[in-house]
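> Got query.txt for you, compact mmCIF, C-alpha atoms:
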# COMPACT_ATOMS: atom_id res chain seq x y z
CA MET A 295 39.65 250.52 132.23
CA PRO A 296 42.51 252.79 133.31
CA ASP A 297 45.88 251.12 133.87
CA GLN A 298 45.95 251.93 137.57
CA GLN A 299 42.60 250.25 138.14
CA THR A 300 43.72 247.19 136.18
CA GLN A 301 46.91 247.02 138.23
CA ALA A 302 44.98 247.34 141.48
CA LEU A 303 42.56 244.60 140.44
CA VAL A 304 45.35 242.24 139.38
CA GLN A 305 47.34 242.88 142.55
CA GLY A 306 44.24 242.54 144.72
CA SER A 307 43.36 239.21 143.07
CA GLN A 308 46.93 237.98 143.51
CA TYR A 309 46.86 238.90 147.20
CA TRP A 310 43.50 237.19 147.63
CA MET A 311 44.81 234.05 145.93
CA ILE A 312 47.97 233.98 148.07
CA LEU A 313 46.07 234.60 151.30
CA SER A 314 43.53 231.92 150.37
CA ILE A 315 46.37 229.42 149.88
CA ALA A 316 47.90 230.55 153.18
CA ALA A 317 44.54 230.04 154.93
CA ILE A 318 44.03 226.60 153.35
CA MET A 319 47.52 225.43 154.32
CA PRO A 320 46.61 224.56 157.95
CA ILE A 321 43.85 222.33 156.55
CA LEU A 322 46.33 220.69 154.19
CA TRP A 323 48.78 220.27 157.07
CA ALA A 324 46.07 218.70 159.25
CA PHE A 325 45.12 216.39 156.37
CA THR A 326 48.76 215.42 155.84
CA LEU A 327 49.29 214.70 159.55
CA SER A 328 45.98 212.82 159.82
CA LEU A 329 46.94 210.48 156.99
CA HIS A 330 50.49 209.99 158.25
CA PHE A 331 49.35 209.16 161.76
CA ALA A 332 46.43 207.02 160.54
CA ARG A 333 48.98 204.34 159.67
CA PRO A 334 48.19 201.98 162.62
CA TYR A 335 44.49 202.20 161.76
CA ILE A 336 45.14 201.48 158.08
CA VAL A 337 47.44 198.55 158.95
CA ARG A 338 44.88 197.16 161.42
CA TYR A 339 42.19 197.31 158.76
CA LEU A 340 44.53 195.78 156.21
CA GLN A 341 44.89 192.71 158.44
CA GLY A 342 41.13 192.23 158.31
CA LEU A 343 40.96 192.03 154.52
CA THR A 344 40.61 188.47 153.32
CA LEU A 345 41.97 188.88 149.77
CA ARG A 346 45.43 190.08 148.73
CA PHE A 347 43.85 192.07 145.92
CA GLY A 348 41.71 194.07 148.35
CA GLY A 349 44.69 194.53 150.67
CA ASP A 350 46.90 195.80 147.86
CA VAL A 351 44.25 198.24 146.63
CA TRP A 352 43.68 199.54 150.16
CA TRP A 353 47.38 199.95 150.97
CA LEU A 354 48.32 201.48 147.61
CA SER A 355 45.42 203.93 147.77
CA TYR A 356 46.54 204.97 151.25
CA ILE A 357 50.19 205.43 150.26
CA LEU A 358 49.25 207.29 147.08
CA ILE A 359 46.94 209.77 148.82
CA ARG A 360 49.26 210.23 151.82
CA ASP A 361 52.41 210.86 149.79
CA GLY A 362 50.59 212.85 147.09
CA LEU A 363 49.20 215.15 149.73
CA LEU A 364 52.65 215.55 151.26
CA ALA A 365 54.00 216.57 147.86
CA VAL A 366 51.16 219.07 147.32
CA THR A 367 51.74 220.60 150.77
CA PHE A 368 55.44 220.92 149.99
CA ALA A 369 54.82 222.45 146.56
CA LEU A 370 52.42 225.05 147.98
CA SER A 371 54.80 225.77 150.89
CA ALA A 372 57.46 226.81 148.38
CA MET A 373 55.39 229.96 147.85
CA PHE A 374 56.59 231.26 151.21
CA LEU A 375 60.17 231.30 149.96
CA PHE A 376 59.32 234.08 147.48
CA PRO A 377 60.73 237.26 149.06
CA ASN A 378 58.00 239.45 147.51
CA VAL A 379 55.31 237.31 149.09
CA TYR A 380 56.95 236.59 152.42
CA MET A 381 58.29 240.08 153.16
CA SER A 382 55.18 241.94 151.92
CA THR A 383 53.67 244.22 154.57
CA ASN A 384 50.31 244.09 152.77
CA LEU A 385 50.03 240.32 152.78
CA GLY A 386 51.21 239.11 156.16
CA VAL A 387 51.97 235.39 156.15
CA PRO A 388 53.02 233.18 159.10
CA ILE A 389 56.51 234.23 160.18
CA THR A 390 57.86 230.67 160.38
CA ALA A 391 56.25 229.50 157.12
CA PRO A 392 59.61 229.21 155.25
CA LEU A 393 61.03 227.18 158.16
CA ALA A 394 57.97 224.92 158.01
CA ALA A 395 58.68 224.36 154.31
CA LEU A 396 62.33 223.60 155.11
CA VAL A 397 61.51 221.08 157.85
CA LEU A 398 58.98 219.46 155.49
CA PHE A 399 61.77 219.20 152.94
CA TRP A 400 63.86 217.38 155.58
CA ALA A 401 60.92 215.03 156.23
CA LEU A 402 60.81 214.25 152.51
CA LEU A 403 64.59 213.70 152.58
CA ALA A 404 64.14 211.25 155.47
CA LYS A 405 61.40 209.47 153.51
CA LEU A 406 63.59 209.28 150.44
CA THR A 407 66.70 207.99 152.15
CA GLY A 408 65.00 205.68 154.67
CA ASP A 409 62.08 203.28 154.59
CA SER A 410 59.57 204.95 156.86
CA ASP A 411 56.93 202.29 156.22
CA ASP A 412 59.05 199.39 157.41
CA ASP A 413 61.73 200.97 159.59
CA PRO A 414 60.33 202.21 162.95
CA LYS A 415 63.29 204.59 163.47
CA SER A 416 62.76 206.23 160.10
CA PHE A 417 59.01 206.48 160.76
CA ARG A 418 59.66 208.26 164.04
CA VAL A 419 62.08 210.71 162.40
CA VAL A 420 59.56 211.55 159.67
CA SER A 421 56.78 211.84 162.28
CA VAL A 422 58.71 214.25 164.49
CA LEU A 423 59.77 216.38 161.51
CA LEU A 424 56.19 216.55 160.22
CA VAL A 425 54.87 217.59 163.63
CA ILE A 426 57.53 220.31 163.97
CA ALA A 427 56.85 221.60 160.44
CA SER A 428 53.08 221.68 160.93
CA MET A 429 53.44 223.53 164.25
CA LEU A 430 55.77 226.06 162.63
CA TYR A 431 53.00 226.81 160.16
CA ILE A 432 49.72 226.33 162.04
CA ILE A 433 50.55 228.20 165.26
CA PRO A 434 51.57 231.55 163.66
CA GLN A 435 48.76 231.22 161.10
CA ILE A 436 46.03 230.83 163.73
CA TYR A 437 47.44 233.02 166.52
CA GLY A 438 49.12 235.59 164.25
CA VAL A 439 47.62 236.00 160.79
CA GLU A 440 44.08 235.01 161.80
CA ALA A 441 44.16 236.87 165.13
CA GLY A 442 45.13 240.36 163.92
CA GLY A 443 41.79 241.74 165.13
CA GLU A 444 42.33 240.36 168.63
CA THR A 445 45.10 242.80 169.59
CA ASP A 446 42.76 245.06 171.59
CA SER A 447 41.12 242.23 173.48
CA LEU A 448 44.53 240.67 174.21
CA ASN A 449 45.83 244.07 175.37
CA SER A 450 42.89 244.29 177.74
CA ILE A 451 44.07 241.05 179.37
CA SER A 452 47.74 242.06 179.48
CA THR A 453 49.76 244.49 177.39
CA SER A 454 52.56 241.95 177.16
CA ILE A 455 50.44 239.54 175.09
CA GLY A 456 48.85 242.17 172.87
CA GLY A 457 51.87 242.13 170.58
CA ILE A 458 51.74 238.38 169.93
CA PRO A 459 49.63 238.46 166.72
CA ALA A 460 51.87 241.11 165.07
CA ALA A 461 55.04 239.29 166.18
CA LEU A 462 53.87 236.11 164.42
CA VAL A 463 53.25 237.80 161.05
CA SER A 464 56.16 238.13 158.60
CA GLY A 465 55.41 241.60 157.19
CA SER A 466 55.06 243.28 160.57
CA ASN A 467 58.21 241.76 162.08
CA PRO A 468 60.94 242.24 159.42
CA ASP A 469 63.80 242.07 161.97
CA LEU A 470 63.00 238.41 162.50
CA SER A 471 61.41 237.47 159.18
CA TYR A 472 64.39 238.55 157.07
CA PRO A 473 66.91 236.21 158.81
CA ILE A 474 64.31 233.43 158.76
CA LEU A 475 63.90 233.80 154.99
CA ASN A 476 67.66 233.81 154.38
CA LEU A 477 68.19 230.83 156.65
CA SER A 478 65.40 228.90 154.94
CA LEU A 479 66.71 229.64 151.45
CA LEU A 480 70.18 228.50 152.52
CA GLY A 481 68.69 225.38 154.13
CA PHE A 482 66.77 224.61 150.95
CA ALA A 483 69.90 224.91 148.82
CA VAL A 484 71.90 222.64 151.17
CA THR A 485 69.11 220.05 151.48
CA GLY A 486 68.56 220.04 147.72
CA THR A 487 72.29 219.50 147.17
CA ILE A 488 72.32 216.62 149.67
CA ILE A 489 69.40 214.95 147.87
CA PHE A 490 71.11 215.43 144.51
CA VAL A 491 74.44 213.99 145.72
CA TRP A 492 72.66 211.10 147.47
CA PHE A 493 70.78 210.31 144.28
CA LEU A 494 73.97 210.36 142.17
CA ARG A 495 75.81 208.09 144.59
CA LYS A 496 72.91 205.70 145.17
CA SER A 497 71.56 205.20 141.70
CA LYS A 498 73.28 202.74 139.42
CA PHE A 499 73.14 202.95 135.68
CA GLU A 500 71.31 199.98 134.27
CA ALA A 501 71.65 199.29 130.60
CA ALA A 502 68.40 198.76 128.75
CA GLU A 503 68.17 195.16 127.56
CA ILE A 504 66.20 194.63 124.41
CA ALA A 505 65.18 191.04 123.94
CA MET B 116 44.54 243.17 152.89
CA GLY B 117 41.13 244.39 154.02
CA SER B 118 39.63 245.85 150.80
CA PRO B 119 35.83 245.33 150.79
CA PRO B 120 35.52 243.14 147.64
CA PHE B 121 38.14 240.67 148.84
CA ALA B 122 36.89 240.68 152.43
CA ALA B 123 33.44 239.90 150.99
CA ALA B 124 34.89 237.10 148.86
CA GLU B 125 36.60 235.65 151.94
CA GLN B 126 33.36 235.79 153.94
CA PHE B 127 31.52 234.14 151.03
CA VAL B 128 34.01 231.24 150.99
CA GLU B 129 33.81 230.83 154.77
CA GLY B 130 30.01 231.02 154.71
CA THR B 131 29.92 228.37 151.99
CA ILE B 132 32.18 226.07 154.02
CA ALA B 133 29.90 226.54 157.05
CA ALA B 134 26.85 225.63 154.93
CA ALA B 135 28.61 222.65 153.34
CA LEU B 136 29.51 221.37 156.80
CA VAL B 137 25.82 220.79 157.50
CA ALA B 138 25.68 218.30 154.63
CA LEU B 139 29.05 216.79 155.61
CA TRP B 140 27.97 216.28 159.22
CA LEU B 141 24.72 214.64 158.07
CA LEU B 142 26.62 212.36 155.67
CA ALA B 143 29.19 211.42 158.31
CA VAL B 144 26.48 210.51 160.84
CA ALA B 145 24.36 208.72 158.20
CA LEU B 146 27.29 206.59 156.99
CA HIS B 147 28.25 205.74 160.57
CA LEU B 148 24.69 204.65 161.40
CA ALA B 149 24.39 202.72 158.11
CA ARG B 150 26.87 200.13 159.39
CA PRO B 151 24.29 197.35 160.12
CA TYR B 152 22.80 197.81 156.64
CA MET B 153 26.24 197.62 155.01
CA LEU B 154 27.15 194.52 157.03
CA ALA B 155 23.88 192.80 156.09
CA LEU B 156 24.56 193.51 152.44
CA THR B 157 28.18 192.29 152.73
CA ARG B 158 26.90 188.89 153.86
CA LYS B 159 24.76 188.53 150.74
CA PHE B 160 27.69 188.71 148.31
CA THR B 161 28.56 185.42 146.67
CA LEU B 162 32.09 186.56 145.75
CA ARG B 163 34.61 187.44 148.43
CA LEU B 164 36.13 190.03 146.14
CA GLY B 165 32.80 191.87 145.88
CA ALA B 166 32.29 191.75 149.64
CA ASP B 167 35.81 193.01 150.32
CA LEU B 168 35.45 195.88 147.85
CA TRP B 169 32.01 196.84 149.16
CA TRP B 170 33.23 196.93 152.74
CA THR B 171 36.47 198.74 151.84
CA ILE B 172 34.59 201.41 149.87
CA TYR B 173 32.11 201.84 152.73
CA VAL B 174 34.79 202.19 155.41
CA GLY B 175 36.90 204.47 153.19
CA MET B 176 33.97 206.79 152.39
CA ARG B 177 32.74 206.86 155.98
CA ASP B 178 36.13 207.78 157.39
CA VAL B 179 37.01 210.25 154.63
CA PHE B 180 33.74 212.14 155.20
CA LEU B 181 34.51 212.36 158.90
CA LEU B 182 38.01 213.62 158.14
CA GLN B 183 36.50 216.21 155.77
CA VAL B 184 34.20 217.36 158.55
CA PHE B 185 37.20 217.98 160.79
CA LEU B 186 39.26 219.65 158.07
CA GLY B 187 36.36 221.90 157.00
CA SER B 188 35.86 222.86 160.64
CA PHE B 189 39.34 224.34 160.77
CA ILE B 190 37.82 227.81 160.20
CA PHE B 191 36.42 227.61 163.74
CA PHE B 192 39.95 227.78 165.11
CA TYR B 193 40.64 231.17 163.46
CA PRO B 194 39.78 233.93 165.99
CA ASP B 195 39.27 236.67 163.36
CA VAL B 196 36.93 234.47 161.32
CA VAL B 197 34.91 233.48 164.40
CA ARG B 198 34.58 237.15 165.37
CA ALA B 199 33.67 238.48 161.91
CA ASP B 200 31.49 235.76 160.33
CA ASP B 201 28.06 234.40 161.21
CA LEU B 202 29.09 230.92 162.32
CA PRO B 203 27.58 228.40 164.75
CA ILE B 204 29.02 229.26 168.15
CA THR B 205 29.84 225.64 169.09
CA GLY B 206 31.34 224.73 165.69
CA GLY B 207 34.82 224.43 167.23
CA LEU B 208 33.58 222.01 169.90
CA ALA B 209 31.86 219.97 167.17
CA ALA B 210 35.22 219.82 165.35
CA ALA B 211 36.84 218.59 168.58
CA CYS B 212 34.19 215.82 168.77
CA ALA B 213 34.95 214.80 165.16
CA PHE B 214 38.66 214.69 165.98
CA ALA B 215 37.97 212.62 169.10
CA VAL B 216 36.12 210.07 166.94
CA LEU B 217 39.08 209.94 164.54
CA MET B 218 41.38 209.45 167.53
CA LEU B 219 39.22 206.59 168.84
CA LYS B 220 39.29 204.94 165.41
CA LEU B 221 43.07 205.15 165.49
CA MET B 222 43.69 204.01 169.04
CA THR B 223 41.07 201.27 169.48
CA ARG B 224 40.01 198.33 167.34
CA ALA B 225 37.35 200.68 165.97
CA ASP B 226 34.92 198.43 164.06
CA ALA B 227 35.70 195.35 166.10
CA ASP B 228 35.28 196.95 169.53
CA PRO B 229 31.60 197.50 170.51
CA ARG B 230 32.46 199.85 173.39
CA SER B 231 34.63 202.07 171.21
CA PHE B 232 31.94 202.02 168.54
CA GLN B 233 29.31 203.15 171.05
CA LEU B 234 31.55 205.96 172.23
CA GLN B 235 32.15 207.01 168.61
CA THR B 236 28.40 207.02 167.99
CA PHE B 237 27.84 209.19 171.06
CA LEU B 238 30.60 211.65 170.08
CA LEU B 239 29.32 211.85 166.50
CA GLY B 240 25.81 212.56 167.75
CA LEU B 241 27.13 215.19 170.14
CA GLY B 242 29.27 216.81 167.44
CA ALA B 243 26.41 216.88 164.93
CA THR B 244 24.10 218.41 167.56
CA LEU B 245 26.70 221.02 168.51
CA TYR B 246 26.99 222.00 164.86
CA LEU B 247 23.48 221.62 163.45
CA VAL B 248 21.46 223.17 166.30
CA PRO B 249 23.27 226.55 166.41
CA TYR B 250 23.49 226.57 162.61
CA LEU B 251 19.76 226.01 162.04
CA LEU B 252 18.48 227.98 165.04
CA GLY B 253 21.17 230.67 165.02
CA VAL B 254 22.97 231.32 161.74
CA GLN B 255 19.87 230.63 159.64
CA VAL B 256 17.50 232.89 161.59
CA THR B 257 19.47 236.14 161.47
CA THR B 258 17.20 237.69 158.82
CA VAL B 259 13.86 236.42 160.17
CA GLY B 260 13.48 239.53 162.34
CA SER B 261 11.24 238.23 165.14
CA SER B 262 12.22 238.85 168.75
CA ILE B 263 12.74 235.12 169.43
CA SER B 264 14.94 234.65 166.37
CA ASN B 265 16.97 237.74 167.28
CA GLN B 266 17.45 236.39 170.79
CA LEU B 267 18.47 232.98 169.47
CA ALA B 268 20.92 234.55 167.02
CA SER B 269 22.45 236.73 169.73
CA VAL B 270 23.31 233.57 171.68
CA LEU B 271 24.07 231.01 168.95
CA VAL B 272 25.89 233.08 166.28
CA SER B 273 29.60 233.62 166.83
CA SER B 274 29.72 237.20 165.48
CA GLN B 275 26.91 238.26 167.82
CA ASN B 276 28.28 236.60 170.96
CA THR B 277 32.00 237.17 170.51
CA THR B 278 33.13 236.73 174.13
CA ILE B 279 31.85 233.17 174.40
CA ALA B 280 32.63 232.42 170.75
CA LEU B 281 36.30 233.37 171.16
CA ALA B 282 36.56 231.48 174.46
CA LEU B 283 35.16 228.36 172.72
CA CYS B 284 37.47 228.97 169.75
CA TYR B 285 40.57 228.90 171.98
CA LEU B 286 39.18 226.02 174.07
CA SER B 287 38.44 223.83 171.05
CA GLY B 288 41.85 224.67 169.55
CA ALA B 289 43.50 223.56 172.81
CA LEU B 290 41.40 220.38 172.95
CA VAL B 291 42.34 219.41 169.40
CA GLY B 292 45.99 220.28 170.12
CA VAL B 293 46.09 218.02 173.19
CA MET B 294 44.35 215.16 171.35
CA GLY B 295 46.73 215.67 168.42
CA LEU B 296 49.72 215.30 170.74
CA VAL B 297 48.20 212.12 172.22
CA THR B 298 47.90 210.62 168.72
CA VAL B 299 51.48 211.61 167.89
CA PHE B 300 52.82 209.93 171.03
CA TYR B 301 50.64 206.89 170.35
CA ASN B 302 52.18 206.60 166.88
CA LEU B 303 55.71 207.09 168.16
CA ARG B 304 55.14 204.42 170.83
CA ILE B 305 53.69 202.04 168.23
CA ALA B 306 56.71 202.65 166.01
CA SER B 307 59.21 201.84 168.76
CA PRO B 308 61.30 198.70 168.10
CA ALA B 309 59.74 196.88 171.09
CA SER B 310 56.15 197.32 169.93
CA ALA B 311 57.09 196.58 166.33
CA LYS B 312 57.78 192.99 167.45
CA ALA B 313 54.39 192.82 169.14
CA ASP B 314 52.76 194.20 166.00
CA THR B 315 54.37 191.52 163.86
CA SER B 316 53.01 188.74 166.06
CA ALA B 317 49.58 190.39 166.11
CA ALA B 318 49.60 190.61 162.35
CA ILE B 319 49.63 186.83 162.15
CA GLN B 320 46.11 186.77 163.62
CA PRO B 321 43.79 188.64 161.25
CA ALA B 322 41.35 191.01 162.91
CA ALA B 323 37.64 190.38 162.62
CA GLN B 324 35.83 192.48 160.05
CA SER B 325 32.83 193.27 162.19
How does this structure look as structure tokens?


Amino acid sequence: MPDQQTQALVQGSQYWMILSIAAIMPILWAFTLSLHFARPYIVRYLQGLTLRFGGDVWWLSYILIRDGLLAVTFALSAMFLFPNVYMSTNLGVPITAPLAALVLFWALLAKLTGDSDDDPKSFRVVSVLLVIASMLYIIPQIYGVEAGGETDSLNSISTSIGGIPAALVSGSNPDLSYPILNLSLLGFAVTGTIIFVWFLRKSKFEAAEIA
Amino acid sequence: MGSPPFAAAEQFVEGTIAAALVALWLLAVALHLARPYMLALTRKFTLRLGADLWWTIYVGMRDVFLLQVFLGSFIFFYPDVVRADDLPITGGLAAACAFAVLMLKLMTRADADPRSFQLQTFLLGLGATLYLVPYLLGVQVTTVGSSISNQLASVLVSSQNTTIALALCYLSGALVGVMGLVTVFYNLRIASPASAKADTSAAIQPAAQS
């Protein structure tokens, strides 16, 4: 196979993989939010369990799936911080995807530094951050990336709304997407540093005791 | 990126999700309606541990399947997908019904409230009908070729009735958005310091299992 064809196939597959992840992300976000906001239902059910063993299994399973999913969403969101991916005119990802990743990082920071399962204030902070982050991703994905073919029909309604899909896609709006990427990268660095410093200050060294 | 092989691959994935949703809807409805059978079996256990596990697994599976139905239905909120693919035209409304059931489970005493349970049953039935009927009589008759099947497909398949399909796509997106905001505010209200006290006192009285 000639080199150019190989290159085209590899690049095409990469693009397909990235766009598939981008398209699955709203589902992951919805799953993450569903589990986070299912807490009252889970707690209500927990009160109905008659054995502590059953209660522990139920609660631990819930926490494990909820937090694991949050971590997976965060890990996949990091892809939108890659300049080659985010700024690509061929790909077109949601314009506020890096900001969504950043706000999710803040939600994880709030979870780490507070007790969102027992402290109502911390729970509310995490909830609000998660809602903001999901909206920053889902809205431009649905009404930008997945509505590129609607420009003509939107123009027929009003020319002022015909530009909405393109404005919400990173590659076709570099004037806005470039500052967003830089801001998000800076935010990531600062948030990461805060977590690192917090961890160093909070954690105490405990000597291993061998009996 | 609109190269034909990858566009075809995307359509294949979306078509597979649409087909899998038929099975997911059937499972979600079947598990919901299996409640009396599960309860009868729970009463036969001689160990409380066995009964608790049985009931927990049943409730977990039932609710996870419903959540999967909603998550899989997310493709019905994408305007380009609704326009390009052969999908059931009311798939988005069915997703809104599934979300409404999830919302009811969250905001009411779900299994312990007969009225809420009835409403959930009705919404599940409606959602399954809104999905299965246009899928079986629309999406699955596009290659039959008879005049009736062509007429049915032109009404029930999203890519052949784009005006209504897109209107329903935006409508169902808005419905789910509004219901999502209601659940967020419900959670925030529950997590307020005042209601936390009420929750603590309520926790002392265990809820009934059935």

> Which residue, B:Phe214, B:Phe121, B:Phe300, B:Phe237, has the smallest gap to chain A when you use all atoms listed in the file?

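For chain A, the nearest of the given residues is B:Phe121.
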
> May I ask which of the residues B:Tyr285, B:Tyr193, B:Phe127, B:Phe185 is the closest one to chain A, counting only C-alpha atoms?

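Ranking B:Tyr285, B:Tyr193, B:Phe127, B:Phe185 by distance to chain A, first place goes to B:Tyr193.
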
> Could you work out which residues of chain A fall inside 7 Å of chain B? Count all atoms listed in the file, and format the result as a PyMOL selection string.

chain A and resi 310+321+324-325+331-332+334-335+341-343+345+348+384-385+414+417-418+436+440-443

> Go ahead and save the picked residues with C-alpha atoms, as an mmCIF file, keeping the file's coordinate frame.


data_model
loop_
_atom_site.group_PDB
_atom_site.id
_atom_site.type_symbol
_atom_site.label_atom_id
_atom_site.label_comp_id
_atom_site.auth_asym_id
_atom_site.auth_seq_id
_atom_site.Cartn_x
_atom_site.Cartn_y
_atom_site.Cartn_z
ATOM 1 C CA TRP A 310 43.500 237.190 147.630
ATOM 2 C CA ILE A 321 43.850 222.330 156.550
ATOM 3 C CA ALA A 324 46.070 218.700 159.250
ATOM 4 C CA PHE A 325 45.120 216.390 156.370
ATOM 5 C CA PHE A 331 49.350 209.160 161.760
ATOM 6 C CA ALA A 332 46.430 207.020 160.540
ATOM 7 C CA PRO A 334 48.190 201.980 162.620
ATOM 8 C CA TYR A 335 44.490 202.200 161.760
ATOM 9 C CA GLN A 341 44.890 192.710 158.440
ATOM 10 C CA GLY A 342 41.130 192.230 158.310
ATOM 11 C CA LEU A 343 40.960 192.030 154.520
ATOM 12 C CA LEU A 345 41.970 188.880 149.770
ATOM 13 C CA GLY A 348 41.710 194.070 148.350
ATOM 14 C CA ASN A 384 50.310 244.090 152.770
ATOM 15 C CA LEU A 385 50.030 240.320 152.780
ATOM 16 C CA PRO A 414 60.330 202.210 162.950
ATOM 17 C CA PHE A 417 59.010 206.480 160.760
ATOM 18 C CA ARG A 418 59.660 208.260 164.040
ATOM 19 C CA ILE A 436 46.030 230.830 163.730
ATOM 20 C CA GLU A 440 44.080 235.010 161.800
ATOM 21 C CA ALA A 441 44.160 236.870 165.130
ATOM 22 C CA GLY A 442 45.130 240.360 163.920
ATOM 23 C CA GLY A 443 41.790 241.740 165.130
#

> Go through A:Ile489, A:Leu477, A:Leu470, A:Ile336 one by one, measure the shortest atom-to-atom distance of each to Trp352 (chain A) using all atoms listed in the file, and give the residue with the smallest value.

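Looking only at the distances to Trp352 (chain A), the closest residue turns out to be A:Ile336.
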
> Neighbours of Tyr472 (chain A) within 12 Å (only C-alpha atoms; same-chain residues fewer than 3 positions away dropped), as a PDB file with C-alpha atoms, in the coordinates of the input?


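Heads up, here's the output in result_32.pdb:
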ATOM      1  CA  LEU A 375      60.170 231.300 149.960  1.00  0.00           C
ATOM      2  CA  PHE A 376      59.320 234.080 147.480  1.00  0.00           C
ATOM      3  CA  PRO A 377      60.730 237.260 149.060  1.00  0.00           C
ATOM      4  CA  ASN A 378      58.000 239.450 147.510  1.00  0.00           C
ATOM      5  CA  TYR A 380      56.950 236.590 152.420  1.00  0.00           C
ATOM      6  CA  MET A 381      58.290 240.080 153.160  1.00  0.00           C
ATOM      7  CA  SER A 382      55.180 241.940 151.920  1.00  0.00           C
ATOM      8  CA  ILE A 389      56.510 234.230 160.180  1.00  0.00           C
ATOM      9  CA  THR A 390      57.860 230.670 160.380  1.00  0.00           C
ATOM     10  CA  PRO A 392      59.610 229.210 155.250  1.00  0.00           C
ATOM     11  CA  LEU A 393      61.030 227.180 158.160  1.00  0.00           C
ATOM     12  CA  VAL A 463      53.250 237.800 161.050  1.00  0.00           C
ATOM     13  CA  SER A 464      56.160 238.130 158.600  1.00  0.00           C
ATOM     14  CA  GLY A 465      55.410 241.600 157.190  1.00  0.00           C
ATOM     15  CA  SER A 466      55.060 243.280 160.570  1.00  0.00           C
ATOM     16  CA  ASN A 467      58.210 241.760 162.080  1.00  0.00           C
ATOM     17  CA  PRO A 468      60.940 242.240 159.420  1.00  0.00           C
ATOM     18  CA  ASP A 469      63.800 242.070 161.970  1.00  0.00           C
ATOM     19  CA  LEU A 475      63.900 233.800 154.990  1.00  0.00           C
ATOM     20  CA  ASN A 476      67.660 233.810 154.380  1.00  0.00           C
ATOM     21  CA  LEU A 477      68.190 230.830 156.650  1.00  0.00           C
ATOM     22  CA  SER A 478      65.400 228.900 154.940  1.00  0.00           C
ATOM     23  CA  LEU A 479      66.710 229.640 151.450  1.00  0.00           C
TER      24      LEU A 479
END

> Give me, please, the distance in Å between CA of Ala138 (chain B) and CA of Phe232 (chain B), quoted to one decimal.

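Distance between the two atoms: 22.3 Å.
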
> Kindly indicate which residue among B:Gly242, B:Leu202, B:Trp169, B:Trp140 lies nearest to Tyr152 (chain B), using all atoms listed in the file for the distances.

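Once distances to Tyr152 (chain B) are computed over all atoms listed in the file, the minimum belongs to B:Trp169.
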
> Using CA of Ala210 (chain B) and CA of Tyr437 (chain A) as the two end points, give the distance in Å to one decimal.

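Atom-to-atom, CA of Ala210 (chain B) to CA of Tyr437 (chain A), that is 18.0 Å.
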
> Which residues, protein or nucleic acid, reach to within 12 Å of (60.1, 208.5, 153.3) in the file's coordinates when using all atoms listed in the file, and can you give that as an MDAnalysis selection string?

chainID A and resid 330 357 360:361 364:365 398:421 423:424

> Set the distance at 9 Å and use only C-alpha atoms: which residues neighbour Leu313 (chain A) once local chain neighbours fewer than 4 positions away are removed? I'd like the list as a count of residues only.

8

> Any idea what's packed within 9 Å of Ser371 (chain A), counting all atoms listed in the file, ignoring anything in its chain fewer than 3 positions away? Could you give it as a list in words?

Ala316, Met319, Val366, Thr367, Phe368, Phe374, Leu375, Ala391, Pro392, Ala394, Ala395, Leu396 and Leu398 of chain A
